Amino acid sequence: MMTFTSKISFLLLLLLSATTLHSTNHSRLVRCNEKDRGILVSFKQGIIDRFDDLSTWSTETDCCAWTGVHCHNVTGRVTKLELLRFSLEGEMNLSLLLQLEFLNYLDLSWNEFDVISIDHNVTLASNLHYLDLSSWNNDVLHMDNLQWLSPLSSLKYLNLSGIDLHKETNWLQFQLVATMLPSLSELRLTDCNLNDISPSLEYVNFTSLLTLDLFNNNFNSELPYWLFNLSGHISYLDLSWSHIHGEMPCSLLNLPNLRYLDLSDNQLSGSIPDWIGQQQHLQHLDLSSNMFCDWIGQQQHLQHLDLSSNMFCGSNIPPILGNLSSLVTLKIGYNDFSGAIYNTTFSKRSKLDELDLTNSTFAFYLDPEWIPPFQLSSLSLGNTNQGPNFPSWIYTQKSLKHLDLSSSGISLANGNKFWSFVEGIDISLGLSNNSLKGDISNVTLNASFIYLDHNNFTGRLPHISPMARDVDLSHNSFSGSIPRYWENMEYLKYIDLWSNKLSGEVLEYLSNWRFLEVMVLGKNEFSGTIPVNLPQDLEVIILRDNQFEGNIPPQLFNLSNLSHLDLAQNKLSGSLPQYVYNMTQMVWNNMTTGFSFFIIDLFIKGQHYENPINIHRRTFDLSVNNLSGEIPSELFQLFQVQTLNLSYNHFMGTIPKTIGDMKYLESLDLSNNKLSGEIPQSMTILTFLGYLNLSCNNFIGKIPIGTQLQSFDGSSYSGNPELCGAPLKNCTTEGEEEDLENRKHPEDGIDPLRESLYLGMGVGFAVGFWGICGSLLLIRKWRHTYYHFLDRVADHLYVTWMVNFNNFGKTQAPSS
């Protein structure tokens, strides 16, 4: 029999089960609050959902079942809205969303909103503790101030990264964030164009703050005083890329719980102070890309240390390492460290995972049989003296995913062992600028980033992983065609095969590389026609110095991201299309490329350069082909082009006057064509023009007068017989030319001007003569009067002469 206690327990269990079942059924019946639903519907009306990610907002009646919406199980009130990474566009109407009374979590990050709407007169919900509005598009989104945050007193997490806040100049002075948001523990304002960090402010009341992230702003200031008086609770501090200058203070930094400090990519100088070593909890220290010259502090607990790209010098790597037995990451490259590195240098670094000594002058004395105590995932020894043999200790690193040994003087490697080891590297492989050689056609390179340029490799191209993103095999001696299996590299963004001996046709399957942005296939022996279906994201196309023939596909001129086009030195023929070129990057000053650190071969101003890809330079080069017809006027609407080269073709017609609209043009070469007519006057306003070649055409007339065009020597205009004016021979006027011609050929008659002069003289003489003599002949009275006048004149002259003669005779008589 059941005891009384057992019966009571059983009854309580039944009652509890019934209550739980009732609550569960009740929660299933609870629907979204109508007021909250109306707010969400109004919010959706202002946004653009191109990918239909919010389709459930239209198909489901219960808003608690909508994508990204979370409701309370009992009340049905919206408590959480999570719409991150949906590529939403249009209006971010915060005035609506913050009227959700019970909302405590709002994440609209990483979308593409155009505008943020905030009505300061609306009473906002005060239950919100998480707010993330971060955006990658800070050229569009902006806020004038942050006062609207004041009602959100419960906020613990705030992320406004990527929103332009440059008009908010008082965010610290009146302690907006600190005072109005007393519960705030994490504040992220990265890439916000903030320009005021209040360096003279001594104290900011961040009582609860644990994380402060101000990465990539424009403070242009020294480290502020308040930074050293923050709450002792703060553990994460990032002021990198924010134009901070000056020295770090020598006084103790009162941040005992600091674990993460990033001041990289600023202009800080002097010594790293001793208090760094007194931060017992500091694990991550990044001071890279500054101007520090000396290390003072010692820190035993550091796990990540980055001092690369500073001005450290001397053989002081042992003091830097000190007792850093916990080091996981060590980056000290791009300094002037010297001295020697031995096996013992890293004997206590068993936890080391990432080592970067790039561009240093250390002398490496490592035993070939040395087995390090660590297993690295990343090793960077670029531009160090490692050769001629591949360092044998590296073979012991079985977990290596990133290897950079570029420019390290390596020429010898243990064939099969070396390439078997290289095949195991699956992220980044850098062996550029060495003297490695051999046929690697049977090697499979599994890294996503592959740089084997400037070596002596031969044979056919190697196998490449389908996951490859960057492939640089330029400046080698590879031969054969592009392998068919390369079509599977669907994530490829950058390929450089410049200066090899490759041949065959560039097949249509290149269109499978739909993410390709940079394609450099120049200085090979490729033939056939240029593929029609090129990837639409291409920014750089270099096919120079090959055997391509046929017409240039019109589709090429519709690549909106294209900023560098070089098809020179091929056998291309036909004419250029006569329609608007949709090459947006050559019309508008937009910057899209992310490849500014890659070196490519450029031909600018008649010279060959190996330069990094310049995100600001636009080039259009079709020189040394068999192109014909007139140059389309639409071509001169590519206003951002700086280098235009159409030389050594068969173009005819005139230069359109609209060439003056290409105001950024720095280099223009139209030489060795069949162009005619006069040089447009509009070319005189091309003020950036530093190289000009119009030689060997059929231009006529006078070179327009302007400072720019007269600054070039005669070779820029030679080979145009009927062209004159500075800097060529002077031009003469039309009248001067005819006069000169008549002087050379008098038998051709007198010129009209001289003939008019003679005729006028004859008529004047006749009129004067007959006007006087005719009157005397016809009028007797005039005639008699005239004759009496002549008689009196004659008598007067006779008497005067006789008197003077007699007086002369008297004066001569005494002397005799």
# chains A, B, ... in the order shown; residues from 1 in each chain; ligands from 1
$ residues_around --residues "stretch 210-215 of chain A" --least-positions-apart "5" --cutoff "6 Å" --atoms "only C-alpha atoms" --output "number ranges by chain"
A: 185-190, 233-241
$ write_last_selection --atoms "N, CA, C and O atoms" --output "PDB file, in the first residue's frame"
ATOM      1  N   SER A 185      28.738  48.109 -21.150  1.00  0.00           N
ATOM      2  CA  SER A 185      29.946  47.327 -20.914  1.00  0.00           C
ATOM      3  C   SER A 185      30.778  47.150 -22.181  1.00  0.00           C
ATOM      4  O   SER A 185      31.969  46.859 -22.094  1.00  0.00           O
ATOM      5  N   GLU A 186      30.155  47.329 -23.348  1.00  0.00           N
ATOM      6  CA  GLU A 186      30.893  47.173 -24.603  1.00  0.00           C
ATOM      7  C   GLU A 186      30.482  48.271 -25.577  1.00  0.00           C
ATOM      8  O   GLU A 186      29.311  48.384 -25.943  1.00  0.00           O
ATOM      9  N   LEU A 187      31.462  49.070 -26.010  1.00  0.00           N
ATOM     10  CA  LEU A 187      31.223  50.187 -26.930  1.00  0.00           C
ATOM     11  C   LEU A 187      32.146  50.045 -28.130  1.00  0.00           C
ATOM     12  O   LEU A 187      33.379  50.045 -27.980  1.00  0.00           O
ATOM     13  N   ARG A 188      31.552  49.923 -29.305  1.00  0.00           N
ATOM     14  CA  ARG A 188      32.327  49.793 -30.547  1.00  0.00           C
ATOM     15  C   ARG A 188      31.919  50.904 -31.508  1.00  0.00           C
ATOM     16  O   ARG A 188      30.777  50.953 -31.964  1.00  0.00           O
ATOM     17  N   LEU A 189      32.887  51.781 -31.802  1.00  0.00           N
ATOM     18  CA  LEU A 189      32.677  52.900 -32.726  1.00  0.00           C
ATOM     19  C   LEU A 189      33.797  52.899 -33.770  1.00  0.00           C
ATOM     20  O   LEU A 189      34.434  53.913 -34.036  1.00  0.00           O
ATOM     21  N   THR A 190      34.043  51.761 -34.376  1.00  0.00           N
ATOM     22  CA  THR A 190      35.110  51.667 -35.367  1.00  0.00           C
ATOM     23  C   THR A 190      34.660  52.263 -36.695  1.00  0.00           C
ATOM     24  O   THR A 190      33.500  52.178 -37.075  1.00  0.00           O
ATOM     25  N   HIS A 233      37.929  47.982 -14.613  1.00  0.00           N
ATOM     26  CA  HIS A 233      37.332  46.766 -15.147  1.00  0.00           C
ATOM     27  C   HIS A 233      37.653  46.547 -16.622  1.00  0.00           C
ATOM     28  O   HIS A 233      37.480  45.434 -17.126  1.00  0.00           O
ATOM     29  N   ILE A 234      38.089  47.574 -17.330  1.00  0.00           N
ATOM     30  CA  ILE A 234      38.240  47.466 -18.779  1.00  0.00           C
ATOM     31  C   ILE A 234      39.291  46.421 -19.128  1.00  0.00           C
ATOM     32  O   ILE A 234      40.362  46.346 -18.515  1.00  0.00           O
ATOM     33  N   SER A 235      38.962  45.594 -20.119  1.00  0.00           N
ATOM     34  CA  SER A 235      39.864  44.505 -20.501  1.00  0.00           C
ATOM     35  C   SER A 235      40.265  44.567 -21.980  1.00  0.00           C
ATOM     36  O   SER A 235      41.227  43.919 -22.373  1.00  0.00           O
ATOM     37  N   TYR A 236      39.525  45.346 -22.786  1.00  0.00           N
ATOM     38  CA  TYR A 236      39.782  45.378 -24.238  1.00  0.00           C
ATOM     39  C   TYR A 236      39.842  46.831 -24.684  1.00  0.00           C
ATOM     40  O   TYR A 236      38.890  47.594 -24.489  1.00  0.00           O
ATOM     41  N   LEU A 237      40.963  47.230 -25.297  1.00  0.00           N
ATOM     42  CA  LEU A 237      41.137  48.608 -25.734  1.00  0.00           C
ATOM     43  C   LEU A 237      41.806  48.622 -27.109  1.00  0.00           C
ATOM     44  O   LEU A 237      42.909  48.104 -27.276  1.00  0.00           O
ATOM     45  N   ASP A 238      41.123  49.213 -28.096  1.00  0.00           N
ATOM     46  CA  ASP A 238      41.634  49.255 -29.470  1.00  0.00           C
ATOM     47  C   ASP A 238      41.535  50.683 -29.995  1.00  0.00           C
ATOM     48  O   ASP A 238      40.450  51.230 -30.162  1.00  0.00           O
ATOM     49  N   LEU A 239      42.708  51.296 -30.241  1.00  0.00           N
ATOM     50  CA  LEU A 239      42.789  52.629 -30.850  1.00  0.00           C
ATOM     51  C   LEU A 239      43.641  52.592 -32.112  1.00  0.00           C
ATOM     52  O   LEU A 239      44.233  53.602 -32.504  1.00  0.00           O
ATOM     53  N   SER A 240      43.693  51.457 -32.763  1.00  0.00           N
ATOM     54  CA  SER A 240      44.527  51.310 -33.949  1.00  0.00           C
ATOM     55  C   SER A 240      43.957  52.095 -35.132  1.00  0.00           C
ATOM     56  O   SER A 240      42.761  52.372 -35.195  1.00  0.00           O
ATOM     57  N   TRP A 241      44.854  52.464 -36.067  1.00  0.00           N
ATOM     58  CA  TRP A 241      44.474  53.167 -37.297  1.00  0.00           C
ATOM     59  C   TRP A 241      43.669  54.435 -36.985  1.00  0.00           C
ATOM     60  O   TRP A 241      42.696  54.752 -37.660  1.00  0.00           O
TER      61      TRP A 241
END
$ select_by_dssp --residues "stretch 127-339 of chain A" --states "strand (DSSP E)" --output "ChimeraX atom specification"
/A:130-132,157-159,186-188,211-213,221-222,236-238,244-247,260-262,267-272,284-286,291-295,304-306,313-314,329-331,336-337
$ write_last_selection --atoms "C-alpha atoms" --output "PDB file, in the first residue's frame"
ATOM      1  CA  TYR A 130      21.825  45.091 -26.998  1.00  0.00           C
ATOM      2  CA  LEU A 131      21.994  47.416 -30.031  1.00  0.00           C
ATOM      3  CA  ASP A 132      24.073  46.690 -33.135  1.00  0.00           C
ATOM      4  CA  TYR A 157      26.190  46.593 -25.809  1.00  0.00           C
ATOM      5  CA  LEU A 158      26.392  49.388 -28.415  1.00  0.00           C
ATOM      6  CA  ASN A 159      27.927  49.015 -31.873  1.00  0.00           C
ATOM      7  CA  GLU A 186      30.893  47.173 -24.603  1.00  0.00           C
ATOM      8  CA  LEU A 187      31.223  50.187 -26.930  1.00  0.00           C
ATOM      9  CA  ARG A 188      32.327  49.793 -30.547  1.00  0.00           C
ATOM     10  CA  THR A 211      35.430  46.838 -24.104  1.00  0.00           C
ATOM     11  CA  LEU A 212      36.266  50.078 -25.948  1.00  0.00           C
ATOM     12  CA  ASP A 213      36.888  49.755 -29.689  1.00  0.00           C
ATOM     13  CA  SER A 221      45.781  63.570 -31.298  1.00  0.00           C
ATOM     14  CA  GLU A 222      48.089  62.318 -28.605  1.00  0.00           C
ATOM     15  CA  TYR A 236      39.782  45.378 -24.238  1.00  0.00           C
ATOM     16  CA  LEU A 237      41.137  48.608 -25.734  1.00  0.00           C
ATOM     17  CA  ASP A 238      41.634  49.255 -29.470  1.00  0.00           C
ATOM     18  CA  ILE A 244      47.388  58.868 -32.681  1.00  0.00           C
ATOM     19  CA  HIS A 245      50.827  60.452 -32.313  1.00  0.00           C
ATOM     20  CA  GLY A 246      53.360  61.331 -29.640  1.00  0.00           C
ATOM     21  CA  GLU A 247      54.899  59.095 -26.990  1.00  0.00           C
ATOM     22  CA  TYR A 260      43.913  43.265 -25.079  1.00  0.00           C
ATOM     23  CA  LEU A 261      45.716  46.459 -26.195  1.00  0.00           C
ATOM     24  CA  ASP A 262      45.977  47.459 -29.858  1.00  0.00           C
ATOM     25  CA  GLN A 267      52.441  57.524 -35.351  1.00  0.00           C
ATOM     26  CA  LEU A 268      53.504  56.712 -31.809  1.00  0.00           C
ATOM     27  CA  SER A 269      57.236  57.063 -31.126  1.00  0.00           C
ATOM     28  CA  GLY A 270      59.869  56.802 -28.408  1.00  0.00           C
ATOM     29  CA  SER A 271      60.274  53.863 -26.062  1.00  0.00           C
ATOM     30  CA  ILE A 272      57.728  51.312 -24.993  1.00  0.00           C
ATOM     31  CA  HIS A 284      47.499  40.633 -26.567  1.00  0.00           C
ATOM     32  CA  LEU A 285      49.799  43.582 -27.380  1.00  0.00           C
ATOM     33  CA  ASP A 286      49.890  45.044 -30.897  1.00  0.00           C
ATOM     34  CA  MET A 291      57.820  54.566 -34.838  1.00  0.00           C
ATOM     35  CA  PHE A 292      58.930  52.947 -31.581  1.00  0.00           C
ATOM     36  CA  CYS A 293      62.689  52.612 -31.285  1.00  0.00           C
ATOM     37  CA  ASP A 294      63.308  50.961 -27.954  1.00  0.00           C
ATOM     38  CA  TRP A 295      61.778  48.293 -25.733  1.00  0.00           C
ATOM     39  CA  HIS A 304      50.337  37.770 -28.777  1.00  0.00           C
ATOM     40  CA  LEU A 305      53.145  40.278 -29.411  1.00  0.00           C
ATOM     41  CA  ASP A 306      53.335  42.324 -32.621  1.00  0.00           C
ATOM     42  CA  CYS A 313      67.383  48.332 -33.970  1.00  0.00           C
ATOM     43  CA  GLY A 314      70.331  46.484 -32.536  1.00  0.00           C
ATOM     44  CA  THR A 329      52.276  34.806 -31.747  1.00  0.00           C
ATOM     45  CA  LEU A 330      55.532  36.713 -32.275  1.00  0.00           C
ATOM     46  CA  LYS A 331      55.820  39.320 -35.045  1.00  0.00           C
ATOM     47  CA  ASP A 336      66.398  46.903 -37.997  1.00  0.00           C
ATOM     48  CA  PHE A 337      67.090  44.082 -35.592  1.00  0.00           C
TER      49      PHE A 337
END
$ select_by_dssp --residues "stretch 293-508 of chain A" --states "alpha helix (DSSP H)" --output "list in words"
Ile317, Pro318, Pro319, Ile320, Leu321, Gly415, Asn416, Lys417, Phe418, Trp419, Ser420, Phe421, Val422 and Glu423 of chain A
$ atom_distance --atom1 "atom CA of A:Met467" --atom2 "atom CA of A:Asn512"
13.2 Å
$ atom_distance --atom1 "atom CA of A:Leu534" --atom2 "atom CA of A:Leu510"
6.9 Å
$ atom_distance --atom1 "atom CA of A:Asn645" --atom2 "atom CA of A:Thr619"
8.4 Å
$ closest_residue --among "A:Leu507, A:Leu692, A:Met586, A:Met683" --to "A:Glu539" --atoms "only C-alpha atoms"
A:Met586
$ residues_around --residues "A:Asp49" --least-positions-apart "2" --cutoff "9 Å" --atoms "only C-alpha atoms" --output "VMD selection string"
chain A and resid 44 47 51 to 55 86 to 90
$ residues_around --residues "A:Gly76" --least-positions-apart "5" --cutoff "6 Å" --atoms "only C-alpha atoms" --output "list in words"
Val30, Arg31, Cys32, Asn33 and Cys71 of chain A
$ residues_around --residues "stretch 519-524 of chain A" --least-positions-apart "4" --cutoff "9 Å" --atoms "only C-alpha atoms" --output "compact mmCIF listing (two decimals) with all heavy atoms, in the first residue's frame"
# COMPACT_ATOMS: atom_id res chain seq x y z
N SER A 474 53.96 34.30 -62.47
CA SER A 474 54.61 35.15 -63.47
C SER A 474 56.13 35.04 -63.40
O SER A 474 56.70 34.58 -62.41
CB SER A 474 54.18 36.60 -63.28
OG SER A 474 54.59 37.09 -62.01
N LYS A 493 40.27 35.06 -57.73
CA LYS A 493 40.09 36.50 -57.85
C LYS A 493 41.28 37.18 -58.53
O LYS A 493 41.13 38.25 -59.10
CB LYS A 493 39.87 37.14 -56.48
CG LYS A 493 38.62 36.64 -55.75
CD LYS A 493 38.34 37.44 -54.50
CE LYS A 493 37.83 38.82 -54.83
NZ LYS A 493 37.38 39.55 -53.61
N TYR A 494 42.44 36.54 -58.47
CA TYR A 494 43.66 37.16 -59.00
C TYR A 494 44.50 36.08 -59.68
O TYR A 494 44.82 35.06 -59.07
CB TYR A 494 44.45 37.81 -57.86
CG TYR A 494 45.80 38.35 -58.24
CD1 TYR A 494 45.98 39.67 -58.62
CD2 TYR A 494 46.93 37.53 -58.20
CE1 TYR A 494 47.23 40.16 -58.96
CE2 TYR A 494 48.19 38.01 -58.53
CZ TYR A 494 48.34 39.33 -58.90
OH TYR A 494 49.57 39.80 -59.23
N ILE A 495 44.87 36.32 -60.95
CA ILE A 495 45.76 35.40 -61.64
C ILE A 495 46.77 36.20 -62.45
O ILE A 495 46.42 37.14 -63.17
CB ILE A 495 44.98 34.42 -62.56
CG1 ILE A 495 45.96 33.42 -63.19
CG2 ILE A 495 44.16 35.14 -63.59
CD1 ILE A 495 45.30 32.27 -63.89
N ASP A 496 48.05 35.84 -62.31
CA ASP A 496 49.13 36.51 -63.02
C ASP A 496 50.05 35.45 -63.61
O ASP A 496 50.73 34.72 -62.89
CB ASP A 496 49.91 37.41 -62.06
CG ASP A 496 50.88 38.33 -62.79
OD1 ASP A 496 51.11 38.12 -64.00
OD2 ASP A 496 51.39 39.27 -62.15
N LEU A 497 50.05 35.38 -64.95
CA LEU A 497 50.91 34.44 -65.68
C LEU A 497 51.88 35.19 -66.58
O LEU A 497 52.39 34.65 -67.56
CB LEU A 497 50.05 33.48 -66.51
CG LEU A 497 49.05 32.62 -65.75
CD1 LEU A 497 48.22 31.77 -66.71
CD2 LEU A 497 49.74 31.74 -64.72
N TRP A 498 52.14 36.44 -66.28
CA TRP A 498 52.97 37.30 -67.11
C TRP A 498 54.36 36.69 -67.35
O TRP A 498 54.97 36.10 -66.47
CB TRP A 498 53.10 38.67 -66.43
CG TRP A 498 54.05 39.62 -67.09
CD1 TRP A 498 55.39 39.72 -66.88
CD2 TRP A 498 53.73 40.59 -68.08
NE1 TRP A 498 55.93 40.70 -67.66
CE2 TRP A 498 54.93 41.26 -68.41
CE3 TRP A 498 52.55 40.98 -68.70
CZ2 TRP A 498 54.97 42.29 -69.35
CZ3 TRP A 498 52.59 42.01 -69.63
CH2 TRP A 498 53.79 42.65 -69.95
N SER A 499 54.86 36.85 -68.56
CA SER A 499 56.22 36.49 -68.93
C SER A 499 56.54 35.01 -68.69
O SER A 499 57.37 34.65 -67.86
CB SER A 499 57.23 37.37 -68.18
OG SER A 499 58.55 37.18 -68.68
N ASN A 500 55.81 34.16 -69.42
CA ASN A 500 56.13 32.74 -69.50
C ASN A 500 56.21 32.37 -70.97
O ASN A 500 56.40 33.24 -71.83
CB ASN A 500 55.07 31.92 -68.76
CG ASN A 500 55.30 31.90 -67.25
OD1 ASN A 500 56.17 31.20 -66.76
ND2 ASN A 500 54.51 32.69 -66.53
N LYS A 501 56.06 31.09 -71.27
CA LYS A 501 56.07 30.63 -72.66
C LYS A 501 54.78 29.87 -72.97
O LYS A 501 54.77 28.91 -73.73
CB LYS A 501 57.28 29.74 -72.91
CG LYS A 501 58.62 30.45 -72.67
CD LYS A 501 59.80 29.51 -72.84
CE LYS A 501 61.12 30.22 -72.55
NZ LYS A 501 62.29 29.30 -72.67
N LEU A 502 53.71 30.34 -72.37
CA LEU A 502 52.42 29.67 -72.51
C LEU A 502 51.81 29.96 -73.87
O LEU A 502 52.02 31.03 -74.45
CB LEU A 502 51.48 30.12 -71.39
CG LEU A 502 51.97 29.78 -69.98
CD1 LEU A 502 51.14 30.52 -68.94
CD2 LEU A 502 51.90 28.27 -69.74
N SER A 503 51.03 29.01 -74.38
CA SER A 503 50.46 29.14 -75.72
C SER A 503 49.04 28.57 -75.73
O SER A 503 48.49 28.21 -74.68
CB SER A 503 51.34 28.42 -76.74
OG SER A 503 51.48 27.04 -76.39
N LEU A 538 35.77 41.87 -63.42
CA LEU A 538 37.15 42.17 -63.78
C LEU A 538 37.46 43.66 -63.60
O LEU A 538 36.72 44.52 -64.05
CB LEU A 538 37.44 41.74 -65.21
CG LEU A 538 37.83 40.27 -65.40
CD1 LEU A 538 37.82 39.89 -66.87
CD2 LEU A 538 39.20 40.00 -64.79
N GLU A 539 38.59 43.93 -62.96
CA GLU A 539 39.06 45.29 -62.76
C GLU A 539 40.34 45.56 -63.55
O GLU A 539 40.60 46.69 -63.94
CB GLU A 539 39.30 45.56 -61.28
CG GLU A 539 38.05 45.40 -60.43
CD GLU A 539 38.34 45.59 -58.95
OE1 GLU A 539 39.43 46.12 -58.63
OE2 GLU A 539 37.49 45.23 -58.13
N VAL A 540 41.14 44.52 -63.75
CA VAL A 540 42.41 44.65 -64.48
C VAL A 540 42.49 43.53 -65.51
O VAL A 540 42.34 42.35 -65.16
CB VAL A 540 43.62 44.57 -63.52
CG1 VAL A 540 44.93 44.59 -64.32
CG2 VAL A 540 43.59 45.71 -62.51
N ILE A 541 42.71 43.91 -66.78
CA ILE A 541 42.92 42.94 -67.86
C ILE A 541 44.21 43.33 -68.58
O ILE A 541 44.31 44.41 -69.15
CB ILE A 541 41.76 42.93 -68.87
CG1 ILE A 541 40.46 42.50 -68.19
CG2 ILE A 541 42.07 41.99 -70.03
CD1 ILE A 541 39.26 42.52 -69.13
N ILE A 542 45.20 42.44 -68.55
CA ILE A 542 46.45 42.66 -69.26
C ILE A 542 46.71 41.44 -70.14
O ILE A 542 47.04 40.36 -69.65
CB ILE A 542 47.62 42.88 -68.29
CG1 ILE A 542 47.35 44.11 -67.41
CG2 ILE A 542 48.92 43.06 -69.06
CD1 ILE A 542 48.45 44.39 -66.40
N LEU A 543 46.55 41.62 -71.45
CA LEU A 543 46.79 40.56 -72.44
C LEU A 543 47.91 40.97 -73.39
O LEU A 543 48.04 40.41 -74.48
CB LEU A 543 45.51 40.25 -73.21
CG LEU A 543 44.28 39.86 -72.39
CD1 LEU A 543 43.10 39.58 -73.30
CD2 LEU A 543 44.58 38.64 -71.53
N ARG A 544 48.69 41.94 -73.06
CA ARG A 544 49.74 42.51 -73.90
C ARG A 544 50.73 41.45 -74.38
O ARG A 544 51.00 40.47 -73.68
CB ARG A 544 50.46 43.59 -73.10
CG ARG A 544 51.79 44.06 -73.65
CD ARG A 544 52.48 45.00 -72.72
NE ARG A 544 51.84 46.30 -72.72
CZ ARG A 544 52.22 47.32 -73.49
NH1 ARG A 544 53.23 47.18 -74.33
NH2 ARG A 544 51.59 48.48 -73.43
N ASP A 545 51.26 41.69 -75.58
CA ASP A 545 52.37 40.89 -76.11
C ASP A 545 52.03 39.41 -76.22
O ASP A 545 52.69 38.55 -75.65
CB ASP A 545 53.61 41.10 -75.24
CG ASP A 545 54.89 40.68 -75.96
OD1 ASP A 545 54.80 40.25 -77.13
OD2 ASP A 545 55.97 40.79 -75.35
N ASN A 546 50.93 39.13 -76.96
CA ASN A 546 50.55 37.77 -77.28
C ASN A 546 50.23 37.70 -78.77
O ASN A 546 50.68 38.56 -79.55
CB ASN A 546 49.34 37.34 -76.44
CG ASN A 546 49.74 36.87 -75.05
OD1 ASN A 546 50.30 35.80 -74.88
ND2 ASN A 546 49.43 37.69 -74.04
N GLN A 547 49.47 36.70 -79.19
CA GLN A 547 49.12 36.53 -80.59
C GLN A 547 47.61 36.55 -80.80
O GLN A 547 47.09 35.92 -81.71
CB GLN A 547 49.69 35.20 -81.11
CG GLN A 547 51.19 35.03 -80.94
CD GLN A 547 51.98 36.03 -81.78
OE1 GLN A 547 51.60 36.30 -82.92
NE2 GLN A 547 53.06 36.56 -81.23
N ASP A 566 44.80 46.58 -71.03
CA ASP A 566 46.02 46.57 -71.83
C ASP A 566 45.96 45.39 -72.80
O ASP A 566 46.16 44.24 -72.41
CB ASP A 566 47.25 46.48 -70.93
CG ASP A 566 48.55 46.66 -71.71
OD1 ASP A 566 48.51 46.67 -72.96
OD2 ASP A 566 49.61 46.80 -71.07
N LEU A 567 45.68 45.69 -74.08
CA LEU A 567 45.63 44.67 -75.14
C LEU A 567 46.72 44.92 -76.17
O LEU A 567 46.62 44.44 -77.31
CB LEU A 567 44.26 44.69 -75.82
CG LEU A 567 43.02 44.55 -74.92
CD1 LEU A 567 41.75 44.58 -75.76
CD2 LEU A 567 43.08 43.28 -74.10
N ILE A 600 52.36 44.47 -60.69
CA ILE A 600 52.07 44.07 -62.06
C ILE A 600 52.92 44.90 -63.00
O ILE A 600 53.47 45.94 -62.63
CB ILE A 600 50.57 44.23 -62.42
CG1 ILE A 600 50.15 45.69 -62.29
CG2 ILE A 600 49.71 43.34 -61.57
CD1 ILE A 600 48.73 45.95 -62.78
N ASP A 601 53.06 44.44 -64.24
CA ASP A 601 53.85 45.14 -65.24
C ASP A 601 52.99 46.17 -65.94
O ASP A 601 51.95 45.84 -66.53
CB ASP A 601 54.42 44.14 -66.25
CG ASP A 601 55.48 43.24 -65.62
OD1 ASP A 601 55.11 42.28 -64.91
OD2 ASP A 601 56.66 43.52 -65.81
$ residues_around --residues "stretch 479-491 of chain A" --least-positions-apart "2" --cutoff "10 Å" --atoms "only C-alpha atoms" --output "PyMOL selection string"
chain A and resi 448+457-470+476-477+493-494+497+500-516+524-526
$ residues_around --residues "A:Pro704" --least-positions-apart "2" --cutoff "12 Å" --atoms "only C-alpha atoms" --output "ChimeraX atom specification"
/A:678-685,700-702,706-711,723-728,731
